[in-house]
Every structure is written in C-alpha cells, then in structure tokens.
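Visitor: Input file: final-v5.cif. Contents: mmCIF, C-alpha atoms.
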data_run
#
loop_
_atom_site.label_atom_id
_atom_site.label_comp_id
_atom_site.auth_asym_id
_atom_site.auth_seq_id
_atom_site.Cartn_x
_atom_site.Cartn_y
_atom_site.Cartn_z
CA MET A 261 -5.04 -1.98 4.94
CA PRO A 262 -1.84 -3.00 3.14
CA GLU A 263 0.22 0.08 2.35
CA LEU A 264 3.31 0.56 0.22
CA PRO A 265 5.73 -1.43 2.44
CA ASP A 266 3.32 -4.37 2.62
CA VAL A 267 2.79 -4.40 -1.14
CA GLU A 268 6.55 -4.21 -1.70
CA ILE A 269 6.89 -7.35 0.44
CA PHE A 270 4.15 -9.02 -1.63
CA LYS A 271 6.10 -8.04 -4.76
CA ARG A 272 9.27 -9.67 -3.48
CA TYR A 273 7.31 -12.74 -2.43
CA LEU A 274 5.85 -13.05 -5.93
CA ASP A 275 9.31 -12.56 -7.46
CA ALA A 276 10.70 -15.39 -5.30
CA THR A 277 7.92 -17.90 -5.93
CA ALA A 278 5.88 -17.58 -9.11
CA LEU A 279 7.91 -16.02 -11.92
CA HIS A 280 8.75 -17.87 -15.16
CA GLN A 281 6.16 -20.61 -14.73
CA LYS A 282 3.48 -21.36 -17.31
CA ILE A 283 -0.06 -20.70 -16.14
CA ILE A 284 -2.32 -23.62 -17.15
CA ARG A 285 -5.52 -22.73 -15.29
CA VAL A 286 -7.14 -19.76 -13.57
CA SER A 287 -10.02 -20.13 -11.12
CA VAL A 288 -12.10 -17.18 -9.90
CA ARG A 289 -13.96 -18.23 -6.78
CA ASN A 290 -15.97 -15.03 -6.35
CA ARG A 291 -17.10 -12.70 -9.13
CA ARG A 292 -16.81 -9.63 -6.88
CA ILE A 293 -13.03 -9.87 -6.83
CA VAL A 294 -12.78 -9.15 -10.60
CA ARG A 295 -14.82 -5.95 -10.71
CA HIS A 296 -13.49 -4.47 -13.96
CA THR A 297 -13.24 -7.62 -16.03
CA SER A 298 -14.94 -11.02 -16.03
CA PRO A 299 -13.72 -14.40 -14.76
CA GLN A 300 -13.72 -15.65 -18.34
CA ALA A 301 -11.72 -12.69 -19.67
CA LEU A 302 -9.21 -12.92 -16.83
CA ALA A 303 -8.66 -16.63 -17.47
CA ARG A 304 -8.38 -16.05 -21.22
CA ASN A 305 -5.73 -13.34 -20.77
CA LEU A 306 -3.63 -15.41 -18.34
CA ASP A 307 -3.97 -18.94 -19.68
CA GLY A 308 -0.76 -20.24 -21.23
CA ARG A 309 1.22 -17.18 -20.17
CA GLU A 310 4.10 -16.65 -17.75
CA LEU A 311 4.71 -13.94 -15.19
CA GLN A 312 8.00 -12.41 -16.31
CA SER A 313 8.51 -9.57 -13.85
CA THR A 314 6.71 -7.37 -11.35
CA ARG A 315 6.14 -3.69 -10.79
CA ARG A 316 4.65 -1.94 -7.82
CA HIS A 317 3.06 1.49 -7.94
CA GLY A 318 1.72 2.70 -4.63
CA LYS A 319 -0.62 0.03 -3.31
CA PHE A 320 -0.96 -1.74 -6.69
CA LEU A 321 1.12 -4.73 -7.76
CA PHE A 322 1.47 -5.57 -11.46
CA GLY A 323 2.68 -8.91 -12.79
CA ARG A 324 4.00 -8.44 -16.33
CA LEU A 325 3.17 -11.34 -18.63
CA ASP A 326 5.48 -12.82 -21.25
CA LYS A 327 3.46 -11.37 -24.11
CA ASN A 328 1.28 -8.28 -23.79
CA GLY A 329 -0.38 -7.14 -20.63
CA SER A 330 -0.15 -7.48 -16.87
CA VAL A 331 -2.22 -9.02 -14.12
CA ILE A 332 -3.10 -6.53 -11.37
CA PHE A 333 -3.39 -7.18 -7.64
CA HIS A 334 -4.95 -4.62 -5.31
CA PHE A 335 -5.10 -5.95 -1.78
CA GLY A 336 -7.84 -3.93 -0.10
CA MET A 337 -7.89 -4.29 3.68
CA THR A 338 -6.97 -7.93 4.15
CA GLY A 339 -5.59 -9.30 0.89
CA PHE A 340 -2.31 -11.13 0.39
CA LEU A 341 -0.65 -13.68 -1.90
CA LYS A 342 0.04 -17.30 -1.05
CA TYR A 343 2.08 -19.77 -3.08
CA PHE A 344 1.19 -23.39 -2.33
CA GLU A 345 2.21 -26.75 -3.74
CA ASN A 346 -1.10 -28.59 -3.96
CA LYS A 347 -4.84 -28.03 -3.58
CA ALA A 348 -4.88 -29.52 -0.09
CA GLU A 349 -2.79 -26.52 1.06
CA GLU A 350 -5.14 -23.91 -0.39
CA PRO A 351 -5.71 -21.19 2.24
CA GLU A 352 -9.17 -20.30 3.44
CA HIS A 353 -10.65 -17.25 1.66
CA THR A 354 -8.68 -17.83 -1.55
CA ARG A 355 -10.66 -15.82 -4.11
CA VAL A 356 -8.53 -16.39 -7.23
CA TRP A 357 -5.82 -18.90 -7.95
CA MET A 358 -3.50 -19.64 -10.84
CA GLN A 359 -2.19 -23.14 -11.39
CA PHE A 360 1.23 -23.55 -12.97
CA SER A 361 2.54 -26.33 -15.17
CA SER A 362 4.70 -27.41 -12.22
CA GLY A 363 1.51 -28.29 -10.35
CA SER A 364 1.89 -25.48 -7.82
CA PHE A 365 -0.51 -22.56 -7.30
CA LEU A 366 -0.52 -18.85 -6.60
CA GLY A 367 -3.55 -17.76 -4.61
CA PHE A 368 -5.01 -14.32 -4.02
CA VAL A 369 -6.39 -14.55 -0.49
CA CYS A 370 -8.83 -11.85 0.61
CA PRO A 371 -11.06 -12.58 3.62
CA ARG A 372 -13.05 -9.33 3.56
CA MET A 373 -13.42 -9.09 -0.21
CA PHE A 374 -12.18 -5.50 -0.56
CA GLY A 375 -9.30 -6.47 -2.85
CA GLU A 376 -9.30 -6.90 -6.59
CA VAL A 377 -7.62 -8.87 -9.35
CA ASP A 378 -7.64 -7.28 -12.80
CA TYR A 379 -5.84 -7.27 -16.13
CA THR A 380 -4.47 -4.42 -18.22
CA ARG A 381 -2.67 -4.18 -21.52
CA ASP A 382 -0.84 -1.00 -20.45
CA VAL A 383 0.25 -0.39 -16.86
CA ASP A 384 1.04 3.30 -17.38
CA GLN A 385 -2.38 3.88 -18.91
CA TYR A 386 -4.02 2.02 -16.01
CA ILE A 387 -2.21 4.28 -13.51
CA ALA A 388 -3.17 7.40 -15.46
CA GLU A 389 -6.83 6.39 -15.76
CA ARG A 390 -7.03 6.08 -11.97
CA ASP A 391 -5.26 9.42 -11.56
CA LEU A 392 -2.68 7.93 -9.20
CA GLY A 393 0.05 10.26 -8.04
CA PRO A 394 3.74 9.36 -8.17
CA ASP A 395 4.85 6.40 -6.11
CA ALA A 396 5.75 7.56 -2.60
CA LEU A 397 9.02 5.62 -2.58
CA ALA A 398 10.13 6.82 -6.02
CA VAL A 399 8.88 10.42 -5.80
CA THR A 400 11.46 13.19 -5.97
CA ARG A 401 11.95 15.97 -3.46
CA LYS A 402 10.66 18.54 -5.98
CA GLN A 403 7.55 16.48 -6.74
CA VAL A 404 6.69 16.26 -3.04
CA LYS A 405 7.07 19.99 -2.52
CA ASP A 406 5.11 20.81 -5.68
CA ARG A 407 2.28 18.47 -4.69
CA LEU A 408 2.04 19.49 -1.06
CA ALA A 409 3.03 23.15 -0.82
CA GLY A 410 0.25 25.65 -0.27
CA LYS A 411 -2.74 23.32 -0.53
CA SER A 412 -5.76 24.07 1.64
CA THR A 413 -6.05 20.70 3.34
CA SER A 414 -4.51 18.90 6.29
CA VAL A 415 -1.09 17.37 5.81
CA LYS A 416 -2.37 13.92 6.83
CA SER A 417 -5.26 14.09 4.35
CA ALA A 418 -2.81 14.94 1.58
CA LEU A 419 -0.42 12.11 2.45
CA MET A 420 -3.32 9.63 2.37
CA ASN A 421 -4.68 10.96 -0.93
CA GLN A 422 -3.57 8.48 -3.60
CA GLN A 423 -3.94 11.14 -6.27
CA VAL A 424 -1.30 13.23 -4.50
CA LEU A 425 1.12 10.44 -3.58
CA ALA A 426 0.46 6.75 -4.17
CA GLY A 427 1.18 4.24 -1.45
CA ILE A 428 0.73 5.83 1.97
CA GLY A 429 -2.34 5.15 4.10
CA ASN A 430 -3.55 5.78 7.61
CA VAL A 431 -0.84 3.94 9.54
CA TYR A 432 2.32 5.07 7.77
CA SER A 433 1.12 8.67 7.44
CA ASP A 434 0.93 8.75 11.25
CA GLU A 435 4.49 7.44 11.49
CA VAL A 436 5.88 9.88 8.92
CA LEU A 437 4.30 12.86 10.66
CA PHE A 438 5.38 11.66 14.10
CA GLN A 439 8.99 11.40 12.97
CA ALA A 440 8.74 14.74 11.13
CA ARG A 441 7.27 16.35 14.29
CA VAL A 442 4.27 17.70 12.38
CA HIS A 443 0.71 17.63 13.70
CA PRO A 444 -1.53 15.63 11.34
CA GLN A 445 -4.18 18.39 11.25
CA GLU A 446 -1.67 21.07 10.29
CA ARG A 447 -2.78 22.76 7.09
CA LEU A 448 -0.35 22.47 4.21
CA GLU A 449 -0.63 26.17 3.47
CA GLY A 450 0.83 26.82 6.92
CA LEU A 451 3.91 24.63 6.49
CA ASP A 452 7.20 26.16 5.44
CA ALA A 453 9.93 24.67 3.25
CA ARG A 454 11.71 23.20 6.28
CA ASN A 455 8.59 21.28 7.32
CA LEU A 456 8.08 19.94 3.81
CA GLU A 457 11.71 18.88 3.57
CA ARG A 458 11.43 17.03 6.88
CA ILE A 459 8.26 15.26 5.73
CA TYR A 460 9.98 14.20 2.51
CA VAL A 461 13.07 12.87 4.30
CA LYS A 462 11.08 11.02 6.96
CA MET A 463 8.66 9.58 4.41
CA LYS A 464 11.49 7.98 2.47
CA SER A 465 13.19 6.79 5.66
CA VAL A 466 10.04 5.28 7.18
CA LEU A 467 9.07 3.43 4.00
CA LYS A 468 12.57 2.02 3.47
CA GLN A 469 12.95 0.92 7.09
CA ALA A 470 9.50 -0.67 7.12
CA ILE A 471 10.42 -2.68 4.02
CA ARG A 472 13.70 -3.76 5.62
CA HIS A 473 11.69 -4.98 8.61
CA GLN A 474 9.37 -6.92 6.27
CA ALA A 475 6.53 -4.51 7.17
CA ASP A 476 6.30 -6.44 10.43
CA PRO A 477 4.56 -5.04 13.52
CA ARG A 478 7.83 -5.57 15.42
CA LEU A 479 9.30 -2.34 14.09
CA PRO A 480 11.70 -0.18 16.12
CA LYS A 481 10.39 0.62 19.61
CA SER A 482 11.15 4.27 18.96
CA TRP A 483 8.37 4.36 16.35
CA LEU A 484 4.85 5.57 17.02
CA LEU A 485 3.53 2.59 15.07
CA THR A 486 4.59 0.13 17.79
CA HIS A 487 2.69 2.15 20.45
CA ARG A 488 -0.27 3.25 18.32
CA LYS A 489 -3.05 3.27 20.91
CA GLU A 490 -4.84 6.07 22.71
CA ALA A 491 -3.19 7.03 26.01
CA ALA A 492 -0.18 4.79 25.32
CA PRO A 493 3.11 6.51 26.26
CA CYS A 494 4.96 8.29 23.49
CA PRO A 495 8.23 6.42 22.83
CA HIS A 496 10.11 9.74 22.89
CA SER A 497 8.50 11.95 25.53
CA GLY A 498 6.36 9.57 27.55
CA THR A 499 3.34 11.83 26.96
CA LYS A 500 0.04 10.02 26.47
CA LEU A 501 -0.77 9.58 22.80
CA ARG A 502 -3.98 11.13 21.47
CA ARG A 503 -6.43 9.71 18.96
CA ILE A 504 -8.19 12.15 16.62
CA PRO A 505 -10.48 11.51 13.62
CA ILE A 506 -9.24 12.57 10.19
CA MET A 507 -11.11 11.52 7.06
CA GLN A 508 -13.21 9.22 9.25
CA ARG A 509 -10.08 7.35 10.29
CA SER A 510 -8.38 7.16 13.68
CA SER A 511 -5.12 9.10 13.69
CA TYR A 512 -2.59 9.00 16.52
CA LEU A 513 -0.11 11.65 17.62
CA CYS A 514 1.95 12.85 20.53
CA PRO A 515 0.71 16.31 21.58
CA ARG A 516 4.13 17.18 22.97
CA CYS A 517 6.24 16.03 20.01
CA GLN A 518 3.69 17.26 17.44
CA PRO A 519 2.21 20.50 18.78
CA LYS A 520 -0.38 22.11 16.56
CA LYS A 521 0.91 25.45 15.33
CA ARG A 522 -2.31 26.80 13.86
CA SER A 523 -5.77 27.07 15.34
CA ASN A 524 -7.73 26.19 12.20
CA GLN A 525 -8.21 22.48 11.58
CA ALA A 526 -8.43 20.58 8.32
CA THR A 527 -9.88 17.14 7.73
#
Take the structure from the file and write it as structure tokens.

Guide:
Amino acid sequence: MPELPDVEIFKRYLDATALHQKIIRVSVRNRRIVRHTSPQALARNLDGRELQSTRRHGKFLFGRLDKNGSVIFHFGMTGFLKYFENKAEEPEHTRVWMQFSSGSFLGFVCPRMFGEVDYTRDVDQYIAERDLGPDALAVTRKQVKDRLAGKSTSVKSALMNQQVLAGIGNVYSDEVLFQARVHPQERLEGLDARNLERIYVKMKSVLKQAIRHQADPRLPKSWLLTHRKEAAPCPHSGTKLRRIPIMQRSSYLCPRCQPKKRSNQAT
C-alpha cells in the first residue's frame, strides 16, 4: 500500500504535471471510487476549476482548487496518478480522469479499487473528521513522545495507527524499527525515553531518505526493506530475518539486531 514517501512522490508528480490548467471535463468510470460523494457532485465541483497547489497529510493528497475546496486522492493498495496527452494513452484501470483545456488528462489509476477520489471544502476539517494524527514527516519530537509514551500496545501497532501518526504503514514501520533496533512487538509502556528518541530520529531519517530515492525498491542495501523476506540474511548481522504477524500483517525483523526485551507481546 502506498505510504507517506509514495504519496509525497505522487504530490511532486502532480505539481510537475497538472497545476494551473483549467479542468473542462471529469469522468468517473466506477462509482465505487467516489464513496463519499457522487460522480455528478465531483464533476460539478471540479468543472471549470484549476488545481493551484497540493498538500499531503499522511497517506492523503489534496489538490487545492482556484476557488474554494480541494480534490482528495487516497491511493489504497495500488493507486497512482498518471498524466497523459491523449485518450489513446489512457492507462488500464483508470477509474477517474480530468481533462484539461490543453487537451491533456490526469488519471487516477487504481487496479484493485481500494483507493478513493473525493472533494472537501475544508482540508483541516476533513483531517479532523477522520481523526488523523499529525503527519509523520512534520510531527515534532514532543508530539511523538506524547503520542507513544506509556501506551499499552505494541510499538509497531502504534506506528501503523493513522490516528496516532499519519503516513506510516506496514513496510516503513518495519524499516524504522529495524534502524532503531526495537522489536516490533515491544510494548510502548516498556520503552524508555532513549528508545522513543531513537524511533523519532530514525522515522524522520527513513522517510526523508525514501523520498530522496523516489520511494523506489532500490533503496540502500543496508536497509531491511531491500531484504524483506523470511530467512533472508540481515544486512547488518547476517542473521536470518523472521516474519511475525502483527495486526494481521506480515512484519519482518532481525532477532539479533532487534531482541525482544519483554516477555509479554502486543498486537
């Protein structure tokens, strides 16, 4: 599923391709992709408008329009944006597209239909209504410590909880904890200030480096992410990586680099 670095790349792609062009037509190919509005309402709110700027919060991308409101993209597991010059270039599984006065198009491509396109008049209100936590790239050190310290849950579960921090999912939480040398099942109430500080520092570092690498699988070979498979050798110790289930997701760790300090487990 696209996580914060991926959505930041989508934001920059949208900035480079589709801003400051008049929208002359909107086509919704599948009603399921506009769950909280209607195809007619979406088209009515976008028709004749321009995308002036973008904002990302966690895994959500907002395109601010030239008058009131913003179009919202949430990418689900397989969604992405594609700018194309003519209809013959339209990608397979395009669920929504906008046509610009230049004749070009911006498509929301989503093969597995878990993404969403929406509209809001107030981005901050939209974020608040969904109870999203602070953006993981913009969050302060104090906010991280206040939101994580002492909670009775596993550290990985908390990092993946969008109400705690917005933007981190299954893959990047594994990388953050690997680099912080913290076991993903470690309970937050058992972590001291030094552990929390290390998680904060590594979270910021991992997200920034992933963005610099265009969120590409060819990330540094020293990262867990590039070896993320059960029994693959740890890039640091050579120990076989382990796969464990957390929140019904497969999590990967190095048992040597990330020893579990407490016997009780959280999920």

Visitor: Would you please work out which residue, of A:Ile284, A:Glu310, A:Gly318, A:Ser482, is nearest to A:Ala398 when using all atoms listed in the file?

Guide: A:Gly318

Visitor: Measuring between all atoms listed in the file, which one of A:Ile269, A:Ile428, A:Val356, A:Met261 shows the shortest distance to A:Arg285?

Guide: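 Going through A:Ile269, A:Ile428, A:Val356, A:Met261 one by one, the smallest distance to A:Arg285 is for A:Val356.
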
Visitor: List the spatial neighbours of A:Ser313 as a list in words - criterion: any atom at most 12 Å away, all atoms listed in the file, same-chain residues fewer than 4 positions off excluded.

Guide: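 Close residues of A:Ser313: Lys271, Arg272, Tyr273, Leu274, Asp275, Ala276, Thr277, Ala278, Leu279, His280, Gln281, Leu321, Phe322, Gly323, Arg324, Leu325, Asp326, Lys327, Gly329, Ser330 and Val331 of chain A.
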
Visitor: Please evaluate the PyMOL selection byres ((chain A and resi 445) around 12) against the structure above and give the resulting residues as a PyMOL selection string.

Guide: chain A and resi 412-419+433-434+437+442-444+446-451+503-507+511-513+515+518-527

Visitor: Starting from the displayed file, determine the output of the PyMOL selection byres ((chain A and resi 495) around 8) and express the residue list as a VMD selection string.

Guide: chain A and resid 481 to 484 487 493 to 494 496 to 498

Visitor: So which residues get picked by the PyMOL selection byres ((chain A and resi 366-373) around 9) here, written as a VMD selection string?

Guide: chain A and resid 274 277 to 278 290 292 to 293 333 335 to 345 350 to 360 364 to 365 374 to 377

Visitor: Which value, in Å to one decimal, gives the distance between atom CA of A:Arg488 and atom CA of A:Val436?

Guide: 13.0 Å

Visitor: Rank nothing, just name the residue among A:Arg509, A:Arg472, A:Arg478, A:His317 nearest to A:Met420, using only C-alpha atoms.

Guide: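 Of the candidates, the smallest distance to A:Met420 is held by A:Arg509.
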
Visitor: Padding 3 Å on each side, edges along x, y and z: where is the centre of the box around the listed atoms of stretch 387-390 of chain A, and how long are its edges in Å to one decimal? Output it as lines of an AutoDock Vina configuration file.

Guide:
center_x = -4.6
center_y = 5.8
center_z = -13.9
size_x = 10.8
size_y = 9.1
size_z = 9.8

Visitor: Go ahead and compute the interatomic distance for atom CA of A:Glu490 and atom CA of A:Val461, in Å to one decimal.

Guide: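 Interatomic distance, atom CA of A:Glu490 to atom CA of A:Val461: 26.6 Å.
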
Visitor: Quick one, how far is atom CA of A:Ala348 from atom CA of A:Phe320?

Guide: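 The value is 28.8 Å.
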
Visitor: Just checking: using all atoms listed in the file, which residue out of A:Asp476, A:Asp307, A:Asp452, A:Asp266 ends up closest to A:Ser361?

Guide: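 For A:Ser361, the nearest of the candidates is A:Asp307.
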
Visitor: Would you mind telling me which residue in A:Cys517, A:Ala426, A:Ile387, A:Arg407 lies nearest to A:Gln439 when using all atoms listed in the file?

Guide: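 Under the stated criterion, the closest residue is A:Cys517.
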
Visitor: How would stretch 486-513 of chain A look with N, CA and C atoms restored, written as a tab-separated table (two decimals), in the coordinates of the input?

Guide:
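The result, stored in part-v8.tsv:
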chain	number	residue	atom	x	y	z
A	486	THR	N	4.54	1.24	16.84
A	486	THR	CA	4.59	0.13	17.79
A	486	THR	C	3.89	0.48	19.11
A	487	HIS	N	3.39	1.72	19.23
A	487	HIS	CA	2.69	2.15	20.45
A	487	HIS	C	1.33	2.76	20.09
A	488	ARG	N	0.85	2.50	18.91
A	488	ARG	CA	-0.27	3.25	18.32
A	488	ARG	C	-1.60	2.89	18.99
A	489	LYS	N	-1.84	3.50	20.15
A	489	LYS	CA	-3.05	3.27	20.91
A	489	LYS	C	-3.30	4.49	21.79
A	490	GLU	N	-4.54	4.88	21.93
A	490	GLU	CA	-4.84	6.07	22.71
A	490	GLU	C	-4.37	5.91	24.16
A	491	ALA	N	-3.71	6.95	24.65
A	491	ALA	CA	-3.19	7.03	26.01
A	491	ALA	C	-1.94	6.17	26.23
A	492	ALA	N	-1.46	5.49	25.20
A	492	ALA	CA	-0.18	4.79	25.32
A	492	ALA	C	0.93	5.83	25.44
A	493	PRO	N	2.04	5.52	26.11
A	493	PRO	CA	3.11	6.51	26.26
A	493	PRO	C	3.87	6.72	24.95
A	494	CYS	N	4.14	7.96	24.65
A	494	CYS	CA	4.96	8.29	23.49
A	494	CYS	C	6.35	7.68	23.68
A	495	PRO	N	6.90	7.03	22.66
A	495	PRO	CA	8.23	6.42	22.83
A	495	PRO	C	9.35	7.44	23.00
A	496	HIS	N	9.09	8.71	22.72
A	496	HIS	CA	10.11	9.74	22.89
A	496	HIS	C	9.92	10.54	24.18
A	497	SER	N	8.71	11.04	24.41
A	497	SER	CA	8.50	11.95	25.53
A	497	SER	C	7.78	11.32	26.71
A	498	GLY	N	7.15	10.18	26.49
A	498	GLY	CA	6.36	9.57	27.55
A	498	GLY	C	4.96	10.15	27.69
A	499	THR	N	4.67	11.21	26.94
A	499	THR	CA	3.34	11.83	26.96
A	499	THR	C	2.31	10.85	26.41
A	500	LYS	N	1.09	10.92	26.96
A	500	LYS	CA	0.04	10.02	26.47
A	500	LYS	C	-0.34	10.38	25.04
A	501	LEU	N	-0.38	9.36	24.19
A	501	LEU	CA	-0.77	9.58	22.80
A	501	LEU	C	-2.25	9.94	22.71
A	502	ARG	N	-2.59	10.74	21.72
A	502	ARG	CA	-3.98	11.13	21.47
A	502	ARG	C	-4.48	10.48	20.19
A	503	ARG	N	-5.77	10.19	20.17
A	503	ARG	CA	-6.43	9.71	18.96
A	503	ARG	C	-7.39	10.79	18.48
A	504	ILE	N	-7.29	11.15	17.20
A	504	ILE	CA	-8.19	12.15	16.62
A	504	ILE	C	-8.72	11.61	15.29
A	505	PRO	N	-9.95	11.98	14.91
A	505	PRO	CA	-10.48	11.51	13.62
A	505	PRO	C	-10.05	12.43	12.49
A	506	ILE	N	-9.55	11.85	11.42
A	506	ILE	CA	-9.24	12.57	10.19
A	506	ILE	C	-9.71	11.71	9.03
A	507	MET	N	-10.55	12.26	8.18
A	507	MET	CA	-11.11	11.52	7.06
A	507	MET	C	-11.79	10.23	7.54
A	508	GLN	N	-12.48	10.33	8.66
A	508	GLN	CA	-13.21	9.22	9.25
A	508	GLN	C	-12.30	8.05	9.62
A	509	ARG	N	-11.04	8.36	9.86
A	509	ARG	CA	-10.08	7.35	10.29
A	509	ARG	C	-9.46	7.80	11.61
A	510	SER	N	-9.03	6.84	12.41
A	510	SER	CA	-8.38	7.16	13.68
A	510	SER	C	-6.91	7.48	13.44
A	511	SER	N	-6.51	8.67	13.82
A	511	SER	CA	-5.12	9.10	13.69
A	511	SER	C	-4.53	9.26	15.09
A	512	TYR	N	-3.26	8.95	15.22
A	512	TYR	CA	-2.59	9.00	16.52
A	512	TYR	C	-1.41	9.97	16.46
A	513	LEU	N	-1.20	10.68	17.56
A	513	LEU	CA	-0.11	11.65	17.62
A	513	LEU	C	0.31	11.85	19.06
